[in-house]
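**Q** Quick one: the structure is below, and I'll ask about it shortly.
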Amino acid sequence: MTATTHRAPADTEAATVEIHDVHKWYGTHRVLDGVDLTVRPGEVTVILGPSGSGKSTLLRVVNHLERPEIGHVSINGELIGVRRQGERLKELSERAILTQRSRIGFVFQNFNLFPHLTVLDNVAAAPVATGKLGKPEAVELARELLGRVGLADRTGAYPRQLSGGQQQRVAIARALALRPGVILFDEPTSALDPELVGEVLAVIKDLATSRTTLLIVTHEIGFAREIADRVVFIDGGRIIEQGPPSEVLDKPRHERTRDFLSKVL
Amino acid sequence: MSVHFTRRSLIRGITAATAVATLATGLAACGGDSDAATTTSDNAGTVTVGRLSNGAAEETTLKVSEVKSISAQLPDAIRKSGKLVIGSGTLPSGSPPLGFVGSDQKTLTGSEIDLARLVAAVLGLESEVKRFTWENLFVGIDSGKVNVGFSNITDTEERKRKYEFASYRKDDLAFETLKSSKFAFDGDYEALAGKTVSVGAGTNQERILLGWKDKLEEEGKKLTIKYFQDNNSLYLALNSGKIDAYLGPSPNLAYHVTQTEKTPDATRIAGQYSGAGASLQGLIAATAKKDSGLAEPLADAINHLIDNGQYAKWLAAWNLSSDAVTKSEVNPPGLPLDNS
Amino acid sequence: MSEPPGATVTLPEARAAAEPPKAVTAQRVLPLRRPGRWIATAVVLVLAAQFVHGLVSNPFYQWDRFGYWFLRPAILDGLLITLEVTVYSAVLGLAGGILLALARLSGSPVLRAVSWLYVWAFRSVPLIVVLIFLYNFSALYKTLSVGVPFGPAFFSFDESKLATDMVIAVVGLSLHEAAYAAEVVRGGILSVDQGQHEAASALGLPKGYQFRKVVFPQALRSIVPNYVNQLIGLIKGTSLVFYVSLLDLFGAAQTMGSTYPGDIVPLLLVVTVWYLVLTSVVSVVQFYVERHYARGATRSLPPTPLQKLRAGLAGLRVRIRQEAAV
């Protein structure tokens, strides 16, 4: 496959993501324990951490798939999922949350493509349903994006007729179709056979060069070193350390980071 | 997953419910002609009895006109509506020759229906005949869906608690059995020992049969009673030997005997019995809701028909002359409460 | 039925195989012979033939009368009632079932409880009882009114005018059907992967769109076969509508059977054959509907019977040609 090197469409403004003192717990189990993180526009941030460290939950808090108990997330200064009412934060209506989500891309570990729709319809559906584009424009955009992820010839196929790598590339195109200012990747290559990982990473790498804000949860250390502007290491629901890959990955300051890296490398 | 009910989805739900209601109303509008109701209109002043009888009757046209002195007694509501709603408990299978679908395979005919039409004509009312299941006929009378039941209903003391009667025909019961069977009944229930007999559930004859069953049991003998939802399965059971005999209204059985005369499953009447028990002649009566004020004008109308001879012609047309009564009575004594 | 055709013609090859093994790769493999299977087939065919012969020649069935009754207007009127009641009840029942399923899956405990109670009640009460109650509803309530509970009525109407026999039958069957449909639909919705809800949600698709375009079409894959089962039960359930004074297919046959007692058996056969026809039509429709909703669920669609036939014929032709060539 060939990932072409188009730039992101001009109308997409890379977004700033601010995560402010986010706490999340299930019963007595604390999953996030006061996370602060600011991601600058166009920055590529890779989140690392052992399983159960809360890194996926953090990602799902960003687009309000999970509601934080304390704290908030804002994108370009706009609160996500909540609004301020005096001293307190109040959850938004479901419809308002859905509208906000349509500006945030999300790529799942298990692709979660709609199996009953063709590849083209999977990509074109959201812009039409959210009223951003008319049907013909959405289809045209979908074709363009599928071309960009190297699947121009599979537009009529159904997801189950594709390999895992191809499906994940469709999922990325689907996320791009909403022209999001930020894209969240939740372990995008974990469900793939090893030989298919490369094609997906190539597409993400292409995105990384196109000035879209990316937040990526992954176990691919080599990939993180290659594309990340910043690596964030999370454990026990807290950020243990963060910095450019050359520091966090090569000269970790914390015992826990060293421990983790020694296990995965 | 969780589906949250937002206001939008609620509105959508209400819209859907409205659509359903509209559809239901549409049904109401178009469903009318599929009812099992028939309004028969004879030429003014005449009633033809014994029509489409499939061989059970001889077609006879009678001249009948309203008798004002009788129709004046009708309850106001019925006189104003100009219509007598007649109930026939003959669903799903008919009960020839009393009430059944005629040889055009469409029109409800039968002796009971014909008398009802004659009575309606005397009362100056149009007749509308509706078919029900036996149970629904009575609930129909209760709820006012039906003014009067003409459906081989026996006048009993128990039924008098809820209904009022105008008698019009003797209630004779009979046993039907296969021609090849040796079963015979001369009024003595001992003949039923060891037999399997069918009877209609909820009928007068069921009570009589159950009484005999108790007596036999006291003597250490056995009578098995089997019920069938409809006559068709009953006769299939009789043919196959699952039951020895069927206790039912005499006219029905006579019709069935003639109909099956030339088939391999020919039957015969094995004996008769009065529908009111050993000491009393049972009577079939037009049945209305208690205190509806209908029994009197109904009885007067029937007596009018008896007096002018049309009653006899009606019975003759249906070969039921032996069931004739000399006069119609309001709430005559019927099968007593304790007689079983 | 002598020998399986494949076995006789491969004998020369089998002999050839005994010769020095020179071109092992090109040799044809002899399939295992299965005489048991052939014997079983023969026995079944003989039994089937006997059954058909009995059906045709036994005077008990009176096939001439069957022919007389099969297309009689009285029977066709009944068939029409059966169809009308079935179609209306199936549509309204499914619509009600969807609403009940959504209520059951909603976040509101009240809606959940009401839905659960409804399903519990209508699955417990026999259809006959529902029909008899509805039919005699007017004995209990003379008028129906729409308004605030315990408050003023906005408008009211005479129940017995609105409720024709057909309406009562359809309402009764729909109420009953909705309870079962609710469970079928709920099962279908639950069978859709959680990831689909998340993906739809993450894309910001409007709630209604999520249900109509993402969840429900996928749920249909499991709903369709189960609901068709229901539907076939419903077709036969309509034979109870004589309780509301409607004569459906079966009721028509029963009524005719009492006027013509000699024709009871052929009338029952007429009814049986019509039910067979209806069920067959539904099954064919089911096949194509299922095929439609199978798009994307399997790598390739199951072939239609026509395609199967064509493929079978082509296969047979190839085989005959091969056999002839040997």
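By order of appearance in the structure tokens: chains A, B, ..., then residues from 1 within every chain, and ligands from 1 in the order shown.
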Could you name the residues that touch B:Gln272 at 12 Å or less, counting only C-alpha atoms, but leaving out those on the same chain fewer than 3 positions away, as an MDAnalysis selection string?

**A** chainID B and resid 171:176 184:189 205 246:251 253:254 268:269 275 277:278

**Q** Store the residues picked out above, limited to N, CA and C atoms, as a PDB file, in the first residue's frame.

**A**
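result_33.pdb, freshly written:
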ATOM      1  N   ASP B 171     -88.100 -28.320  23.812  1.00  0.00           N
ATOM      2  CA  ASP B 171     -86.681 -28.660  23.835  1.00  0.00           C
ATOM      3  C   ASP B 171     -86.546 -30.155  23.995  1.00  0.00           C
ATOM      4  N   ASP B 172     -86.282 -30.823  22.904  1.00  0.00           N
ATOM      5  CA  ASP B 172     -86.061 -32.258  22.983  1.00  0.00           C
ATOM      6  C   ASP B 172     -84.612 -32.564  22.703  1.00  0.00           C
ATOM      7  N   LEU B 173     -84.104 -33.449  23.501  1.00  0.00           N
ATOM      8  CA  LEU B 173     -82.720 -33.868  23.317  1.00  0.00           C
ATOM      9  C   LEU B 173     -82.719 -35.261  22.712  1.00  0.00           C
ATOM     10  N   ALA B 174     -81.600 -35.616  22.114  1.00  0.00           N
ATOM     11  CA  ALA B 174     -81.512 -36.950  21.525  1.00  0.00           C
ATOM     12  C   ALA B 174     -80.081 -37.447  21.611  1.00  0.00           C
ATOM     13  N   PHE B 175     -79.953 -38.736  21.572  1.00  0.00           N
ATOM     14  CA  PHE B 175     -78.640 -39.356  21.454  1.00  0.00           C
ATOM     15  C   PHE B 175     -78.435 -39.756  20.004  1.00  0.00           C
ATOM     16  N   GLU B 176     -77.270 -39.410  19.456  1.00  0.00           N
ATOM     17  CA  GLU B 176     -76.935 -39.852  18.111  1.00  0.00           C
ATOM     18  C   GLU B 176     -75.787 -40.836  18.218  1.00  0.00           C
ATOM     19  N   ALA B 184     -78.727 -48.000  22.643  1.00  0.00           N
ATOM     20  CA  ALA B 184     -80.104 -47.493  22.569  1.00  0.00           C
ATOM     21  C   ALA B 184     -80.456 -46.873  23.919  1.00  0.00           C
ATOM     22  N   PHE B 185     -81.316 -45.845  23.874  1.00  0.00           N
ATOM     23  CA  PHE B 185     -81.653 -45.120  25.094  1.00  0.00           C
ATOM     24  C   PHE B 185     -83.165 -44.960  25.177  1.00  0.00           C
ATOM     25  N   ASP B 186     -83.762 -45.446  26.284  1.00  0.00           N
ATOM     26  CA  ASP B 186     -85.223 -45.361  26.411  1.00  0.00           C
ATOM     27  C   ASP B 186     -85.617 -44.466  27.576  1.00  0.00           C
ATOM     28  N   GLY B 187     -84.732 -43.583  27.997  1.00  0.00           N
ATOM     29  CA  GLY B 187     -85.044 -42.683  29.106  1.00  0.00           C
ATOM     30  C   GLY B 187     -84.395 -43.125  30.403  1.00  0.00           C
ATOM     31  N   ASP B 188     -83.841 -44.322  30.428  1.00  0.00           N
ATOM     32  CA  ASP B 188     -83.196 -44.824  31.639  1.00  0.00           C
ATOM     33  C   ASP B 188     -81.684 -44.642  31.533  1.00  0.00           C
ATOM     34  N   TYR B 189     -81.138 -43.876  32.467  1.00  0.00           N
ATOM     35  CA  TYR B 189     -79.723 -43.554  32.361  1.00  0.00           C
ATOM     36  C   TYR B 189     -78.819 -44.766  32.539  1.00  0.00           C
ATOM     37  N   GLN B 205     -78.084 -29.600  28.230  1.00  0.00           N
ATOM     38  CA  GLN B 205     -77.968 -31.064  28.188  1.00  0.00           C
ATOM     39  C   GLN B 205     -76.726 -31.551  28.931  1.00  0.00           C
ATOM     40  N   TYR B 246     -73.524 -39.051  21.106  1.00  0.00           N
ATOM     41  CA  TYR B 246     -73.512 -37.616  21.329  1.00  0.00           C
ATOM     42  C   TYR B 246     -74.896 -37.208  21.774  1.00  0.00           C
ATOM     43  N   LEU B 247     -74.961 -36.494  22.904  1.00  0.00           N
ATOM     44  CA  LEU B 247     -76.239 -35.999  23.396  1.00  0.00           C
ATOM     45  C   LEU B 247     -76.375 -34.545  22.969  1.00  0.00           C
ATOM     46  N   GLY B 248     -77.392 -34.260  22.140  1.00  0.00           N
ATOM     47  CA  GLY B 248     -77.527 -32.897  21.643  1.00  0.00           C
ATOM     48  C   GLY B 248     -78.973 -32.571  21.331  1.00  0.00           C
ATOM     49  N   PRO B 249     -79.223 -31.350  20.829  1.00  0.00           N
ATOM     50  CA  PRO B 249     -80.582 -30.955  20.476  1.00  0.00           C
ATOM     51  C   PRO B 249     -81.115 -31.858  19.363  1.00  0.00           C
ATOM     52  N   SER B 250     -82.300 -32.318  19.541  1.00  0.00           N
ATOM     53  CA  SER B 250     -82.895 -33.265  18.609  1.00  0.00           C
ATOM     54  C   SER B 250     -82.874 -32.789  17.147  1.00  0.00           C
ATOM     55  N   PRO B 251     -83.258 -31.517  16.869  1.00  0.00           N
ATOM     56  CA  PRO B 251     -83.275 -31.097  15.451  1.00  0.00           C
ATOM     57  C   PRO B 251     -81.903 -31.179  14.783  1.00  0.00           C
ATOM     58  N   LEU B 253     -79.469 -33.196  15.468  1.00  0.00           N
ATOM     59  CA  LEU B 253     -79.095 -34.581  15.245  1.00  0.00           C
ATOM     60  C   LEU B 253     -79.879 -35.169  14.079  1.00  0.00           C
ATOM     61  N   ALA B 254     -81.155 -34.784  13.993  1.00  0.00           N
ATOM     62  CA  ALA B 254     -81.966 -35.281  12.888  1.00  0.00           C
ATOM     63  C   ALA B 254     -81.383 -34.818  11.551  1.00  0.00           C
ATOM     64  N   ARG B 268     -77.610 -42.774  13.394  1.00  0.00           N
ATOM     65  CA  ARG B 268     -79.042 -42.886  13.703  1.00  0.00           C
ATOM     66  C   ARG B 268     -79.297 -42.255  15.074  1.00  0.00           C
ATOM     67  N   ILE B 269     -80.597 -41.993  15.340  1.00  0.00           N
ATOM     68  CA  ILE B 269     -80.973 -41.472  16.644  1.00  0.00           C
ATOM     69  C   ILE B 269     -81.171 -42.670  17.576  1.00  0.00           C
ATOM     70  N   GLY B 275     -85.630 -31.748  27.459  1.00  0.00           N
ATOM     71  CA  GLY B 275     -84.566 -30.850  27.881  1.00  0.00           C
ATOM     72  C   GLY B 275     -84.763 -30.297  29.283  1.00  0.00           C
ATOM     73  N   GLY B 277     -85.605 -32.329  31.953  1.00  0.00           N
ATOM     74  CA  GLY B 277     -85.550 -33.437  32.897  1.00  0.00           C
ATOM     75  C   GLY B 277     -86.783 -34.315  32.770  1.00  0.00           C
ATOM     76  N   ALA B 278     -86.847 -35.340  33.631  1.00  0.00           N
ATOM     77  CA  ALA B 278     -87.851 -36.390  33.477  1.00  0.00           C
ATOM     78  C   ALA B 278     -89.277 -35.882  33.678  1.00  0.00           C
TER      79      ALA B 278
END

**Q** Residues of chain C within 8 Å of chain B, counting only C-alpha atoms - could you list those as a PyMOL selection string?

**A** chain C and resi 74+81+92+99+102+105-108+132+136+138-140+162-167+190+194+197+208+242-247+251-252+254-262+264

**Q** Can I get the residues of chain C within 8 Å of chain A, each with the closest pair of atoms and their distance in Å to one decimal, using only C-alpha atoms, sorted chain first then ascending number, as CSV?

**A**
residue,atom,partner,partner_atom,distance
C:Gly195,CA,A:Asn112,CA,5.6
C:Gln196,CA,A:Asn112,CA,5.8
C:Glu198,CA,A:Leu65,CA,7.8
C:Ala199,CA,A:Asn112,CA,6.0
C:Ser201,CA,A:Leu98,CA,6.8
C:Ala202,CA,A:Arg101,CA,5.9
C:Leu203,CA,A:Ser102,CA,5.2
C:Gly204,CA,A:Leu98,CA,4.1
C:Leu205,CA,A:Thr130,CA,6.0
C:Pro206,CA,A:Leu98,CA,6.7
C:Lys207,CA,A:Arg95,CA,7.7
C:Tyr209,CA,A:Ala129,CA,7.1
C:Val214,CA,A:Phe114,CA,6.9
C:Pro217,CA,A:His116,CA,7.5
C:Gln218,CA,A:His116,CA,6.8
C:Tyr293,CA,A:His116,CA,7.5
C:Ala294,CA,A:His116,CA,7.6
C:Arg295,CA,A:His116,CA,5.8
C:Gly296,CA,A:His116,CA,4.7
C:Ala297,CA,A:Pro115,CA,6.2
C:Thr298,CA,A:Arg160,CA,6.9
C:Arg299,CA,A:Gln161,CA,5.4

**Q** Keeping only C-alpha atoms, write the selected residues as a PDB file, in the first residue's frame.

**A**
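Result file follows (selection_28.pdb):
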ATOM      1  CA  GLY C 195     -18.312  -1.367  19.909  1.00  0.00           C
ATOM      2  CA  GLN C 196     -20.936  -0.370  17.340  1.00  0.00           C
ATOM      3  CA  GLU C 198     -19.383   3.348  20.905  1.00  0.00           C
ATOM      4  CA  ALA C 199     -18.280   3.986  17.348  1.00  0.00           C
ATOM      5  CA  SER C 201     -21.392   7.666  19.622  1.00  0.00           C
ATOM      6  CA  ALA C 202     -17.767   8.679  19.050  1.00  0.00           C
ATOM      7  CA  LEU C 203     -18.610   9.859  15.543  1.00  0.00           C
ATOM      8  CA  GLY C 204     -21.254  12.115  17.052  1.00  0.00           C
ATOM      9  CA  LEU C 205     -24.054  10.538  15.025  1.00  0.00           C
ATOM     10  CA  PRO C 206     -27.452  11.800  16.198  1.00  0.00           C
ATOM     11  CA  LYS C 207     -29.231   9.379  18.537  1.00  0.00           C
ATOM     12  CA  TYR C 209     -29.638   7.992  13.317  1.00  0.00           C
ATOM     13  CA  VAL C 214     -26.398   1.566  12.743  1.00  0.00           C
ATOM     14  CA  PRO C 217     -30.115  -2.839  10.648  1.00  0.00           C
ATOM     15  CA  GLN C 218     -27.576  -5.023  12.414  1.00  0.00           C
ATOM     16  CA  TYR C 293     -29.525  -7.987   5.802  1.00  0.00           C
ATOM     17  CA  ALA C 294     -26.651 -10.457   5.555  1.00  0.00           C
ATOM     18  CA  ARG C 295     -24.755  -7.914   3.456  1.00  0.00           C
ATOM     19  CA  GLY C 296     -21.463  -7.338   5.136  1.00  0.00           C
ATOM     20  CA  ALA C 297     -22.080  -9.926   7.836  1.00  0.00           C
ATOM     21  CA  THR C 298     -20.542 -12.747   5.850  1.00  0.00           C
ATOM     22  CA  ARG C 299     -17.783 -12.564   3.282  1.00  0.00           C
TER      23      ARG C 299
END

**Q** Just want the 12 Å neighbourhood of C:Val125, counted on only C-alpha atoms, with same-chain residues fewer than 6 positions away dropped. Output as JSON, numbers by chain.

**A** {"C": [118, 119, 131, 132, 133, 172, 175, 176, 177, 179]}

**Q** At what distance in Å, to one decimal, does atom CA of C:Thr238 lie from atom CA of C:Pro225?

**A**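 Separating atom CA of C:Pro225 from atom CA of C:Thr238 is a distance of 20.2 Å.
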
**Q** Show me, as number ranges by chain, the residues that have an atom within 8 Å of B:Ser292 when counting only C-alpha atoms, minus same-chain residues fewer than 4 positions from it.

**A** B: 75, 164, 288

**Q** Show me, as a PyMOL selection string, the residues that have an atom within 10 Å of C:Ile223 when counting only C-alpha atoms, minus same-chain residues fewer than 5 positions from it.

**A** chain C and resi 181+183-189+191+216-218+228-229+290

**Q** Mind writing the picked residues with C-alpha atoms as an mmCIF file, in the first residue's frame?

**A**
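This went into result.cif:
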data_model
loop_
_atom_site.group_PDB
_atom_site.id
_atom_site.type_symbol
_atom_site.label_atom_id
_atom_site.label_comp_id
_atom_site.auth_asym_id
_atom_site.auth_seq_id
_atom_site.Cartn_x
_atom_site.Cartn_y
_atom_site.Cartn_z
ATOM 1 C CA ALA C 181 -41.850 -9.089 19.339
ATOM 2 C CA GLU C 183 -38.263 -9.845 23.297
ATOM 3 C CA VAL C 184 -37.224 -10.659 19.747
ATOM 4 C CA VAL C 185 -36.267 -7.037 19.086
ATOM 5 C CA ARG C 186 -34.534 -6.669 22.439
ATOM 6 C CA GLY C 187 -32.533 -9.816 21.744
ATOM 7 C CA GLY C 188 -31.608 -8.402 18.351
ATOM 8 C CA ILE C 189 -30.460 -5.090 19.785
ATOM 9 C CA SER C 191 -26.775 -8.965 19.846
ATOM 10 C CA PHE C 216 -31.330 -1.623 14.063
ATOM 11 C CA PRO C 217 -30.115 -2.839 10.648
ATOM 12 C CA GLN C 218 -27.576 -5.023 12.414
ATOM 13 C CA VAL C 228 -40.667 -14.850 11.007
ATOM 14 C CA ASN C 229 -41.128 -17.719 13.435
ATOM 15 C CA GLU C 290 -32.279 -12.348 5.420
#

**Q** Taking the backbone alone, and naming residues the way the document does, which bits of stretch 112-275 of chain B are strand (DSSP E) by DSSP, as a PyMOL selection string?

**A** chain B and resi 126-133+148-149+163-170+172-178+196-199+224-226+245-249+267-274

**Q** Mind checking DSSP for stretch 50-260 of chain C and telling me the helix (DSSP H, G or I) residues as JSON, numbers by chain?

**A** {"C": [50, 51, 52, 53, 54, 55, 56, 57, 59, 60, 61, 63, 64, 65, 66, 67, 68, 69, 70, 73, 74, 75, 76, 77, 78, 79, 80, 81, 82, 83, 84, 85, 86, 87, 88, 89, 90, 91, 92, 93, 94, 95, 96, 97, 98, 99, 100, 101, 102, 103, 104, 109, 110, 111, 112, 113, 114, 115, 116, 117, 118, 119, 120, 121, 122, 123, 124, 127, 128, 129, 130, 131, 132, 133, 134, 135, 137, 138, 139, 140, 159, 160, 161, 162, 165, 166, 167, 168, 169, 170, 171, 172, 173, 174, 175, 176, 177, 178, 179, 180, 181, 182, 183, 184, 185, 186, 187, 188, 189, 190, 191, 194, 195, 196, 197, 198, 199, 200, 201, 202, 207, 208, 209, 210, 211, 212, 213, 214, 215, 216, 217, 218, 219, 220, 221, 222, 223, 224, 225, 226, 227, 228, 229, 230, 231, 232, 233, 234, 235, 236, 237, 238, 239, 240, 241, 242, 243, 244, 249, 250, 251, 252, 253, 254, 255, 256, 257, 258, 259]}
